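Asker: Below are the structure tokens for one structure; questions will follow.
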Amino acid sequence: PRGVDRDRRAALRTGALLVGGAVAWRASDAADRALGGATRRFTGSKPTGDLYGAETEGGAFPVTSWVADDPDPVDSETWTLAVEGVVDERLTLGVGDVDRGRTAGGGADGGENTGGVAEPTEVEALLDCTSGWYTVQEWGGVRVGDLLDAAGVGAGARYVRFVSVTGYRWSLPLAEARDALLATRAGGERLSHGHGAPARLVAPGRRGFQWVKWVDRVEVRRHRDPAQWLVTLVSGFD
């Protein structure tokens with residue numbers, strides 16, 4: 001190792017390399033398009049139709065898991081989704097409730113009271129995975145805003161945290177979370193385990209690692225969750 005040469009010649013050489021790299025990348029992208037190859041997004045991701053040998057599991061798009069997030073299949077018969085935190089009434093829903101948009105709340109006596117019925121929602125959204133692919137799918141499920149309205153958002157709430165059965169989690173600002181979807185279907189088919197069944201977060205405009213799979217808790221919070229970045233690295237490890 002030696003000290004960095006900071007003279008003008010070294011600076012010009014570094015600048016030329018950066019410019020050359022950018023030109024080469026643009027030329028490669030143009031060649032791809034001219035030859036009918038992959039159409040990359042600004043993130044560098046390719047459409048799934050240009051992937052070869054990718055493992056898929058329903059929905060015609062790859063199955064990927066973030067770091068160690070790879071749980072056993074979740075039993076949809078016993079799975080429940082809790083909507084809790086800074087809310088007027090805690091909700092507990094089964095997979096049928098989420099699939100059909102029905103909401104149910106936990107009563108003061110510990111029982112469950114039937115809440116309002118939200119319309120099942122279909123959303124076309126682009127999923128861009130950090131492993132280098134993207135797909136546009138029609139996602140079906142329940143709008144998060146409908147769940148929050150049924151639970152009643154408490155004073156001072158600013159964030160909504162989505163938590164997986166593995167402990168993986170991600171938060172969205174309250175206004176953004178309202179437009180997100182808890183999906184049980186993709187492309188008209190029920191989600192497979194690898195794609196996050198029974199329910200996964202669909203957050204348009206966010207990268208794939210933020211679309212939490214196997215969600216079992218939706219937590220309304222007053223404060224940001226600074227530890228969520230750490231959790232993305234350690235969730236799923238025993």
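Scheme for the structure tokens: letters A, B, ... for chains in order shown; per-chain residue numbers from 1; ligand numbers from 1 in order shown.
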Write out as a list of chain:residue names the residues lying within 8 Å of region 222-225 of chain A, counting only C-alpha atoms and excluding same-chain residues fewer than 4 positions away.
Answerer: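 Residues near the query, excluding close chain neighbours: A:Val86, A:Gly156, A:Ala157, A:Arg158, A:Tyr159, A:Ser171.
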Asker: Can you tell me which residues surround Trp139 (chain A) at a distance of at most 10 Å, considering only C-alpha atoms, apart from same-chain residues fewer than 4 positions away, and format the answer as a list in words?
Answerer: Thr121, Glu122, Val123, Glu124, Ala125, Leu126, Leu181, Leu182, Ala183, Thr184, Arg185, Ala186, Gly187, Gly188, Glu189, Arg190, Leu191 and Val202 of chain A
Asker: Store the residues of this selection in a file with all heavy atoms, as a short mmCIF file (atom, residue, chain, number, x, y, z; two decimals), in the first residue's frame.
Answerer:
```cif
data_model
loop_
_atom_site.label_atom_id
_atom_site.label_comp_id
_atom_site.auth_asym_id
_atom_site.auth_seq_id
_atom_site.Cartn_x
_atom_site.Cartn_y
_atom_site.Cartn_z
N THR A 121 -59.29 -5.15 -2.27
CA THR A 121 -58.62 -4.18 -3.14
C THR A 121 -57.66 -4.87 -4.09
O THR A 121 -56.96 -5.80 -3.72
CB THR A 121 -57.85 -3.16 -2.29
OG1 THR A 121 -58.77 -2.50 -1.40
CG2 THR A 121 -57.17 -2.11 -3.15
N GLU A 122 -57.63 -4.40 -5.34
CA GLU A 122 -56.67 -4.86 -6.34
C GLU A 122 -55.77 -3.68 -6.69
O GLU A 122 -56.25 -2.59 -6.99
CB GLU A 122 -57.37 -5.36 -7.60
CG GLU A 122 -58.33 -6.51 -7.37
CD GLU A 122 -57.61 -7.83 -7.13
OE1 GLU A 122 -56.47 -7.96 -7.61
OE2 GLU A 122 -58.19 -8.72 -6.49
N VAL A 123 -54.46 -3.90 -6.65
CA VAL A 123 -53.49 -2.84 -6.93
C VAL A 123 -52.43 -3.37 -7.89
O VAL A 123 -51.86 -4.43 -7.63
CB VAL A 123 -52.81 -2.34 -5.64
CG1 VAL A 123 -51.66 -1.39 -5.97
CG2 VAL A 123 -53.81 -1.66 -4.72
N GLU A 124 -52.19 -2.66 -8.97
CA GLU A 124 -51.07 -3.00 -9.85
C GLU A 124 -49.83 -2.28 -9.33
O GLU A 124 -49.83 -1.06 -9.21
CB GLU A 124 -51.36 -2.58 -11.29
CG GLU A 124 -50.26 -3.02 -12.26
CD GLU A 124 -50.55 -2.66 -13.70
OE1 GLU A 124 -50.19 -1.53 -14.10
OE2 GLU A 124 -51.15 -3.50 -14.42
N ALA A 125 -48.81 -3.03 -9.01
CA ALA A 125 -47.61 -2.43 -8.43
C ALA A 125 -46.37 -3.17 -8.92
O ALA A 125 -46.40 -4.37 -9.18
CB ALA A 125 -47.68 -2.46 -6.91
N LEU A 126 -45.29 -2.42 -9.01
CA LEU A 126 -44.01 -2.96 -9.46
C LEU A 126 -43.15 -3.33 -8.27
O LEU A 126 -42.91 -2.51 -7.39
CB LEU A 126 -43.29 -1.92 -10.33
CG LEU A 126 -41.98 -2.33 -10.99
CD1 LEU A 126 -41.81 -1.59 -12.32
CD2 LEU A 126 -40.77 -2.04 -10.09
N LEU A 181 -50.74 -2.07 0.79
CA LEU A 181 -51.68 -3.19 0.74
C LEU A 181 -51.10 -4.36 1.51
O LEU A 181 -49.90 -4.60 1.48
CB LEU A 181 -51.90 -3.60 -0.72
CG LEU A 181 -53.01 -4.60 -1.02
CD1 LEU A 181 -54.38 -3.91 -0.96
CD2 LEU A 181 -52.82 -5.22 -2.41
N LEU A 182 -51.97 -5.06 2.23
CA LEU A 182 -51.60 -6.37 2.74
C LEU A 182 -52.19 -7.38 1.77
O LEU A 182 -53.41 -7.55 1.71
CB LEU A 182 -52.13 -6.59 4.16
CG LEU A 182 -51.27 -6.03 5.27
CD1 LEU A 182 -51.87 -6.35 6.63
CD2 LEU A 182 -49.84 -6.59 5.21
N ALA A 183 -51.32 -7.99 0.98
CA ALA A 183 -51.76 -8.83 -0.13
C ALA A 183 -51.81 -10.30 0.25
O ALA A 183 -50.92 -10.80 0.94
CB ALA A 183 -50.83 -8.65 -1.32
N THR A 184 -52.84 -10.96 -0.23
CA THR A 184 -52.97 -12.41 -0.10
C THR A 184 -52.91 -13.09 -1.46
O THR A 184 -52.84 -14.31 -1.54
CB THR A 184 -54.30 -12.78 0.57
OG1 THR A 184 -55.38 -12.23 -0.20
CG2 THR A 184 -54.36 -12.23 1.99
N ARG A 185 -52.93 -12.27 -2.55
CA ARG A 185 -52.94 -12.82 -3.90
C ARG A 185 -52.03 -12.01 -4.81
O ARG A 185 -51.79 -10.82 -4.58
CB ARG A 185 -54.36 -12.80 -4.48
CG ARG A 185 -55.39 -13.54 -3.67
CD ARG A 185 -56.77 -13.48 -4.31
NE ARG A 185 -57.24 -12.13 -4.54
CZ ARG A 185 -57.77 -11.35 -3.61
NH1 ARG A 185 -57.86 -11.78 -2.35
NH2 ARG A 185 -58.17 -10.13 -3.89
N ALA A 186 -51.53 -12.66 -5.85
CA ALA A 186 -50.75 -11.99 -6.90
C ALA A 186 -51.14 -12.62 -8.23
O ALA A 186 -51.18 -13.84 -8.36
CB ALA A 186 -49.25 -12.15 -6.67
N GLY A 187 -51.43 -11.77 -9.22
CA GLY A 187 -51.82 -12.28 -10.52
C GLY A 187 -53.07 -13.14 -10.48
O GLY A 187 -53.22 -14.06 -11.29
N GLY A 188 -53.97 -12.86 -9.55
CA GLY A 188 -55.20 -13.62 -9.44
C GLY A 188 -55.08 -14.94 -8.71
O GLY A 188 -56.08 -15.62 -8.49
N GLU A 189 -53.87 -15.30 -8.31
CA GLU A 189 -53.63 -16.56 -7.59
C GLU A 189 -53.25 -16.27 -6.15
O GLU A 189 -52.60 -15.26 -5.85
CB GLU A 189 -52.51 -17.36 -8.26
CG GLU A 189 -52.77 -17.71 -9.72
CD GLU A 189 -53.89 -18.72 -9.88
OE1 GLU A 189 -54.11 -19.50 -8.91
OE2 GLU A 189 -54.54 -18.74 -10.94
N ARG A 190 -53.64 -17.17 -5.25
CA ARG A 190 -53.25 -17.00 -3.85
C ARG A 190 -51.73 -17.06 -3.72
O ARG A 190 -51.07 -17.84 -4.41
CB ARG A 190 -53.90 -18.08 -2.98
CG ARG A 190 -53.77 -17.81 -1.48
CD ARG A 190 -54.63 -18.77 -0.68
NE ARG A 190 -56.05 -18.55 -0.93
CZ ARG A 190 -56.74 -17.60 -0.34
NH1 ARG A 190 -56.17 -16.75 0.50
NH2 ARG A 190 -58.04 -17.46 -0.60
N LEU A 191 -51.17 -16.21 -2.88
CA LEU A 191 -49.72 -16.20 -2.68
C LEU A 191 -49.21 -17.57 -2.26
O LEU A 191 -49.85 -18.27 -1.47
CB LEU A 191 -49.33 -15.19 -1.59
CG LEU A 191 -49.41 -13.70 -1.91
CD1 LEU A 191 -49.04 -12.90 -0.66
CD2 LEU A 191 -48.51 -13.32 -3.07
N VAL A 202 -47.36 -4.89 0.37
CA VAL A 202 -47.12 -4.34 -0.97
C VAL A 202 -47.01 -2.84 -0.78
O VAL A 202 -47.98 -2.17 -0.42
CB VAL A 202 -48.25 -4.70 -1.94
CG1 VAL A 202 -48.10 -3.94 -3.25
CG2 VAL A 202 -48.27 -6.20 -2.19
#
```
Asker: Considering only C-alpha atoms, can you say which of A:Val95, A:Ala10, A:Val218, A:Ala16 comes closest to Ala151 (chain A)?
Answerer: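 Checking each candidate against Ala151 (chain A), we get A:Val218 as the closest.
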Asker: Determine which residues of region 25-236 of chain A receive a DSSP assignment of strand (DSSP E or B), computed from the backbone, and state them as an NGL selection string.
Answerer: :A and (46-47 or 56 or 62 or 81-85 or 87 or 91-93 or 102-106 or 112-117 or 121-129 or 133-143 or 153 or 159-164 or 169-173 or 181-186 or 189-190 or 200-202 or 207 or 215-221)
Asker: Pull the alpha helix (DSSP H) assignments for region 52-186 of chain A out of DSSP run on the backbone, and list those residues as a PyMOL selection string.
Answerer: chain A and resi 95-100+144-151+174-178
Asker: Between A:Gly152, A:Pro71, A:Gly141, A:Gly196, single out the one closest to Gly96 (chain A), counting only C-alpha atoms.
Answerer: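 That would be A:Gly141, the residue with the smallest distance to Gly96 (chain A).
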Asker: Excluding Thr130 (chain A) and any residue of its chain fewer than 4 positions from it, enumerate the residues within 9 Å of it, using only C-alpha atoms, and give them as a PDB file with N, CA, C and O atoms, in the first residue's frame.
Answerer:
```pdb
ATOM      1  N   THR A  43     -32.582   1.317 -11.370  1.00  0.00           N
ATOM      2  CA  THR A  43     -31.916   0.577 -10.301  1.00  0.00           C
ATOM      3  C   THR A  43     -30.964  -0.490 -10.833  1.00  0.00           C
ATOM      4  O   THR A  43     -30.215  -1.088 -10.067  1.00  0.00           O
ATOM      5  N   SER A  45     -32.173  -3.231 -12.309  1.00  0.00           N
ATOM      6  CA  SER A  45     -32.921  -4.488 -12.329  1.00  0.00           C
ATOM      7  C   SER A  45     -33.489  -4.790 -13.709  1.00  0.00           C
ATOM      8  O   SER A  45     -33.895  -3.889 -14.442  1.00  0.00           O
ATOM      9  N   TYR A 134     -37.194  -7.216 -11.617  1.00  0.00           N
ATOM     10  CA  TYR A 134     -38.433  -6.555 -11.236  1.00  0.00           C
ATOM     11  C   TYR A 134     -39.604  -7.217 -11.957  1.00  0.00           C
ATOM     12  O   TYR A 134     -39.441  -7.879 -12.985  1.00  0.00           O
ATOM     13  N   ARG A 207     -38.306  -0.494  -2.406  1.00  0.00           N
ATOM     14  CA  ARG A 207     -37.575  -1.649  -2.898  1.00  0.00           C
ATOM     15  C   ARG A 207     -38.118  -2.928  -2.271  1.00  0.00           C
ATOM     16  O   ARG A 207     -38.761  -2.911  -1.216  1.00  0.00           O
ATOM     17  N   GLY A 208     -37.814  -4.056  -2.920  1.00  0.00           N
ATOM     18  CA  GLY A 208     -38.389  -5.327  -2.521  1.00  0.00           C
ATOM     19  C   GLY A 208     -38.117  -5.737  -1.086  1.00  0.00           C
ATOM     20  O   GLY A 208     -38.967  -6.357  -0.442  1.00  0.00           O
ATOM     21  N   PHE A 209     -36.933  -5.407  -0.561  1.00  0.00           N
ATOM     22  CA  PHE A 209     -36.623  -5.841   0.805  1.00  0.00           C
ATOM     23  C   PHE A 209     -37.491  -5.150   1.849  1.00  0.00           C
ATOM     24  O   PHE A 209     -37.562  -5.582   3.001  1.00  0.00           O
TER      25      PHE A 209
END
```
Asker: May I ask for the distance between CA of Leu93 (chain A) and CA of His195 (chain A), given in Å to one decimal place?
Answerer: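 A separation of 20.0 Å between them.
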